[in-house]
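Undergrad: Here it is, the structure, as structure tokens.
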Amino acid sequence: MVSNLFGSLDQARFLFRHTFDRVRRAIELKIDPSAFFRNPLRYVSAPSTAWTMLPKHVSSGSVLANSCQIDDLPHLISWPNDGGPFVTLPQVLSCPPQTSPNQPTNLSHCNLGMYRIQLSGNEYTTNQQIGLHYQLHRGIGIHHQQALVAGKPFPVTITLGGHPAMTLAAVMPLPENVGELTFAGALAGHRIPMITQNPTAPIYADADFAICGVVDPNSLKPEGPFGDHLGYYALTHPFPWMQVTKVYHRKDAIWPFTVVGRPPQEDTTFGELIHELTGPIIPTVLPGVRGVHAVDVAGVHPLLLAIGSERYTPYLKLNRPQELLTQANAILGQGQMSLAKYLFIIDGNDANAPSLYDLEAFFQWVFERIDLSNDLHFHTKTTIDTLDYSGEGWNQGSKLVVPINGAKRRDLLTSSPGDLRLGPDLHHPKLCSPGSIAIETKLSLDAAVEQITAPMSSQKDLAKQIAIITLVDDSTFTSRSFNNWIWVAFTRSNPATDLRGVGENTLHKHWSCSGPLVLDARVKPHHAPPLIESPEVSKKIDALAAQGGPLAKYL
């Protein structure tokens with residue numbers, strides 16, 4: 001078994017050192033074909049890149065050298081309360097329901113994705129059934145829908161290993177007209193060999209392992225729990241499962257795996273690579289949007305930051321966001337970005353606008369400029385990420401869009417809030433960042449807002465310096481680092497139910513407040529439990545890195 005193949009961005013770049021720039025240039029040409037004529041030397045590799053992008057039909061491959069059963073495979077359990085062993089770096093190839101069992105599959109109709117696979121446990125029949133967890137906005141769902149209409153199972157092949165390009169292709173958010181196998185070939189520098197005469201789905205010929213089978217679209221079984229990338233357990237829910245028909249592996253096969261949990265983890269690198277490759281595409285898909293950052297330390301989906309541009313009335317001095325709100329809605333209409341709970345978008349026309357990737361500077365900019373009477377736009381009774389348990393139900397929650405433009409409105413509190421006089425049931429105020437404090441309390445949100453409101457009215461100068469008060473279970477932990485505040489605030493709250501404010505008002509169905517905002521980011525009964533390390537495993541890892549241990553010389 002091997003982990004940390006993508007352990008750092010430099011390491012990942014090294015894996016694709018011969019092809020990464022060529023693929024990026026091919027994407028540039030996809031965006032703007034006329035660029036070739038302006039700088040033909042830069043794009044001289046484009047024809048060969050296009051050729052390597054085409055998958056290759058083959059009749060055999062090294063992955064077919066040996067066969068085994070599911071029980072013979074490595075059974076990785078990452079967290080103490082996981083529901084069983086999982087495959088954590090799978091390449092899941094799904095295809096439409098077969099019309100003729102002897103006809104080779106059209107590879108352009110197949111989808112490659114990465115969805116966690118439960119190898120045993122729950123109600124799965126040993127060596128015959130495995131769990132297949134895929135969520136909203138995943139390409140495999142199209143094949144599931146086609147299978148429902150056809151009344152037939154659809155074929156799936158799960159592979160591991162082979163060229164790292166296949167692993168990255170499985171997580172790339174590609175347009176529907178660009179196949180993952182095509183992208184993998186460009187990144188690998190050679191055509192991806194696919195065994196297409198397989199009785200079920202095609203098999204990646206160079207893979208280390210392959211699990212073949214079919215999915216009955218009408219049948220679900222319990223899957224989970226599983227310690228996931230938000231830093232909490234994804235609980236047990238009904239999901240599709242696969243009937244296993246065959247398991248193959250090459251000689252001396254290596255099983256790649258990763259451990260997910262509260263970020264940053266190894267999958268952080270995937271996000272960084274995806275940004276490097278697809279960042280230039282954003283302005284072509286979303287006019288006026290200059291960049292989008294799915295914040296890894298918040299678990300990706302809970303928090304999006306964006307830079308847009310107010311362009312339509314440059315002759316007017318705007319006193320509130322206009323086009324930024326349009327651009328925010330466009331962002332929320334794009335694939336997996338639609339699952340975001342919080343979206344903050346600022347105007348990039350200001351020369352001093354902060355980077356999307358400097359989180360503290362970005363939020364200081366937001367807190368200094370937010371107009372609490374205008375800039376809070378809620379989407380209620382909508383869809384959120386399957387793995388996020390902060391909402392009103394499974395896949396159900398709300399969104400908050402915050403567009404920010406204009407001049408600085410307030411100076412922010414930068415010192416300890418020790419002078420802040422609060423109600424008797426509000427304890428241990430801590431400064432998390434300029435203008436942001438965390439407070440512990442056992443009160444309900446309504447009661448907490450009442451105890452905050454009265455002191456704020458008598459301390460108006462101090463209140464103006466605070467943009468947000470976050471109610472937490474542990475203010476010392478929350479304020480220890482800015483990343484801690486980001487993780488607590490945005491993974492443990494549902495905007496429509498957990499955000500209040502001092503001086504609330506609703507006018508024409510638009511909610512506002514005079515401030516500060518009050519965000520309830522405490523753990524609630526319906527939340528999933530956070531991940532807690534196994535003491536025994538932690539002790540073993542510490543021993544590896546201790547003086548004289550096998551890892552000591554690398555530290």
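Going through the structure tokens in order, the chains are called A, B, and so on, while each chain numbers its residues from 1 and the ligands are numbered from 1 in the order shown.
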Within segment 388-485 of chain A, find each residue whose DSSP state, derived from the backbone, is alpha helix (DSSP H), and express the selection as a list in words.
TA: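 Taking segment 388-485 of chain A and keeping alpha helix (DSSP H) only, one gets Leu445, Asp446, Ala447, Ala448, Val449, Glu450, Gln451, Ile452, Thr453, Ala454, Pro455, Met456, Ser457, Ser458, Lys460, Asp461, Leu462, Ala463, Ser475, Thr476, Phe477, Thr478, Ser479, Arg480, Phe482, Asn483, Asn484 and Trp485 of chain A.
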Undergrad: For segment 279-292 of chain A, list every protein, DNA or RNA residue within 8 Å, evaluated using only C-alpha atoms, and leave out those in the same chain fewer than 2 positions away; present the list as a short mmCIF file (atom, residue, chain, number, x, y, z; two decimals) with N, CA and C atoms, in the first residue's frame.
TA:
```cif
data_model
loop_
_atom_site.label_atom_id
_atom_site.label_comp_id
_atom_site.auth_asym_id
_atom_site.auth_seq_id
_atom_site.Cartn_x
_atom_site.Cartn_y
_atom_site.Cartn_z
N ILE A 27 -5.45 23.95 -22.70
CA ILE A 27 -6.64 24.57 -22.12
C ILE A 27 -6.74 26.03 -22.56
N GLU A 28 -5.60 26.73 -22.63
CA GLU A 28 -5.60 28.12 -23.11
C GLU A 28 -6.16 28.20 -24.52
N ILE A 31 -9.81 27.84 -24.61
CA ILE A 31 -10.47 29.08 -24.24
C ILE A 31 -10.45 30.08 -25.39
N ILE A 274 -6.10 21.46 -9.50
CA ILE A 274 -7.29 21.81 -10.30
C ILE A 274 -7.33 23.31 -10.54
N HIS A 275 -7.01 24.09 -9.51
CA HIS A 275 -7.01 25.55 -9.69
C HIS A 275 -5.97 25.97 -10.72
N GLU A 276 -4.78 25.39 -10.67
CA GLU A 276 -3.73 25.77 -11.61
C GLU A 276 -4.15 25.48 -13.05
N LEU A 277 -4.87 24.39 -13.24
CA LEU A 277 -5.24 23.99 -14.60
C LEU A 277 -6.50 24.69 -15.10
N ALA A 294 -12.70 27.81 -3.74
CA ALA A 294 -13.40 26.91 -2.83
C ALA A 294 -12.46 26.64 -1.66
N LEU A 304 -17.26 29.55 -0.42
CA LEU A 304 -16.67 30.02 -1.66
C LEU A 304 -16.33 31.51 -1.52
N LEU A 305 -15.14 31.88 -1.99
CA LEU A 305 -14.75 33.27 -2.11
C LEU A 305 -14.59 33.58 -3.60
N ALA A 306 -14.97 34.77 -4.00
CA ALA A 306 -14.88 35.11 -5.43
C ALA A 306 -14.51 36.58 -5.60
N ILE A 307 -13.89 36.86 -6.74
CA ILE A 307 -13.63 38.23 -7.16
C ILE A 307 -14.38 38.45 -8.47
N GLY A 308 -15.27 39.44 -8.48
CA GLY A 308 -16.02 39.79 -9.67
C GLY A 308 -15.68 41.20 -10.11
N SER A 309 -16.60 41.82 -10.83
CA SER A 309 -16.33 43.17 -11.33
C SER A 309 -17.64 43.87 -11.65
N GLU A 310 -17.77 45.08 -11.13
CA GLU A 310 -18.89 45.95 -11.49
C GLU A 310 -18.50 46.69 -12.77
N ARG A 311 -19.16 46.32 -13.90
CA ARG A 311 -18.71 46.84 -15.20
C ARG A 311 -19.77 47.65 -15.93
N GLN A 327 -23.30 37.99 -10.84
CA GLN A 327 -22.18 37.05 -10.99
C GLN A 327 -22.21 35.98 -9.91
N ALA A 330 -24.57 33.37 -10.97
CA ALA A 330 -23.98 32.55 -12.03
C ALA A 330 -23.04 31.51 -11.44
N ILE A 331 -22.25 31.89 -10.45
CA ILE A 331 -21.34 30.95 -9.79
C ILE A 331 -22.14 29.80 -9.17
N GLY A 348 -13.29 43.35 -7.94
CA GLY A 348 -11.88 43.36 -8.28
C GLY A 348 -11.42 44.62 -8.97
N LEU A 356 -7.67 36.22 -3.29
CA LEU A 356 -8.64 35.20 -2.86
C LEU A 356 -8.02 34.20 -1.89
#
```
Undergrad: As an exercise, work out the distance from atom CA of Asp206 of chain A to atom CA of Leu64 of chain A in Å and give it to one decimal place.
TA: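 Between atom CA of Asp206 of chain A and atom CA of Leu64 of chain A the gap works out to 9.2 Å.
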Undergrad: Quick check for you: according to DSSP on this backbone, which residues of segment 87-321 of chain A are classed as strand (DSSP E)? Reply as a VMD selection string.
TA: chain A and resid 87 91 to 94 111 to 113 117 to 118 129 to 132 154 to 160 193 to 195 203 to 204 209 to 215 221 to 223 226 to 227 233 to 234 237 to 239 241 to 249 291 to 294 303 to 308
Undergrad: So that I can see what lies close to Gly418 of chain A, please list as a list in words the residues with an atom at most 12 Å from it, counting only C-alpha atoms and leaving out residues fewer than 4 positions away in the same chain.
TA: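 Listing them by chain and then by number gives Leu413, Thr414, Leu422, His427, His428, Pro429, Lys430, Leu431, Ile437, Ile439 and Leu462 of chain A.
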Undergrad: Write the residues you've just listed into a file as an mmCIF file, in the first residue's frame, and include C-alpha atoms for each of them.
TA:
```
data_model
loop_
_atom_site.group_PDB
_atom_site.id
_atom_site.type_symbol
_atom_site.label_atom_id
_atom_site.label_comp_id
_atom_site.auth_asym_id
_atom_site.auth_seq_id
_atom_site.Cartn_x
_atom_site.Cartn_y
_atom_site.Cartn_z
ATOM 1 C CA LEU A 413 -11.463 45.850 16.680
ATOM 2 C CA THR A 414 -7.880 44.566 16.741
ATOM 3 C CA LEU A 422 -21.739 41.300 27.822
ATOM 4 C CA HIS A 427 -18.416 33.953 28.509
ATOM 5 C CA HIS A 428 -14.773 33.985 27.414
ATOM 6 C CA PRO A 429 -14.817 36.440 24.482
ATOM 7 C CA LYS A 430 -11.780 35.949 22.239
ATOM 8 C CA LEU A 431 -10.560 37.898 19.220
ATOM 9 C CA ILE A 437 -14.854 37.624 18.176
ATOM 10 C CA ILE A 439 -18.030 33.783 22.654
ATOM 11 C CA LEU A 462 -17.021 49.446 20.461
#
```
Undergrad: Let me make sure I understand: among A:Asn198, A:Ser538, A:Asn352, A:Thr478, which one has the smallest atom-to-atom distance to Ala407 of chain A if we use only C-alpha atoms?
TA: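 Using only C-alpha atoms, the shortest distance to Ala407 of chain A belongs to A:Asn352.
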Undergrad: Choose the residue, out of A:Gln118, A:Phe209, A:Val247, A:Leu187, that has the smallest atom-to-atom separation from Ile70 of chain A; count only C-alpha atoms.
TA: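 With only C-alpha atoms as the atom set, the closest residue is A:Val247.
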Undergrad: Pick out the closest residue to Gln322 of chain A from this set: A:Thr167, A:Thr126, A:Ser415, A:Asn405. Count only C-alpha atoms.
TA: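 Smallest distance to Gln322 of chain A is found for A:Asn405.
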Undergrad: Could you state the separation of atom CA of Leu324 of chain A and atom CA of Asp371 of chain A in Å, given to one decimal place?
TA: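 We find that atom CA of Leu324 of chain A and atom CA of Asp371 of chain A lie 14.1 Å from each other.
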Undergrad: Taking 4 positions as the minimum chain separation for residues in the same chain, which residues sit within 12 Å of Leu343 of chain A when counting only C-alpha atoms? Answer as a PyMOL selection string.
TA: chain A and resi 292-295+300-308+324-325+327-332+337-339+363+366+375-379+398-404+490+495
Undergrad: Tell me, in Å to one decimal, how far atom CA of Thr182 of chain A is from atom CA of Met114 of chain A.
TA: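 Separation of atom CA of Thr182 of chain A and atom CA of Met114 of chain A: 16.1 Å.
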Undergrad: Near segment 444-448 of chain A, counting only C-alpha atoms, which residues have an atom at most 9 Å away, once you skip same-chain residues fewer than 5 positions from it, shown as number ranges by chain?
TA: A: 423, 425-426, 453, 471, 498-500, 518-520
Undergrad: For Asn127 of chain A, which residue out of A:His57, A:Lys246, A:His510, A:Arg22 is the nearest one, using only C-alpha atoms?
TA: A:Lys246
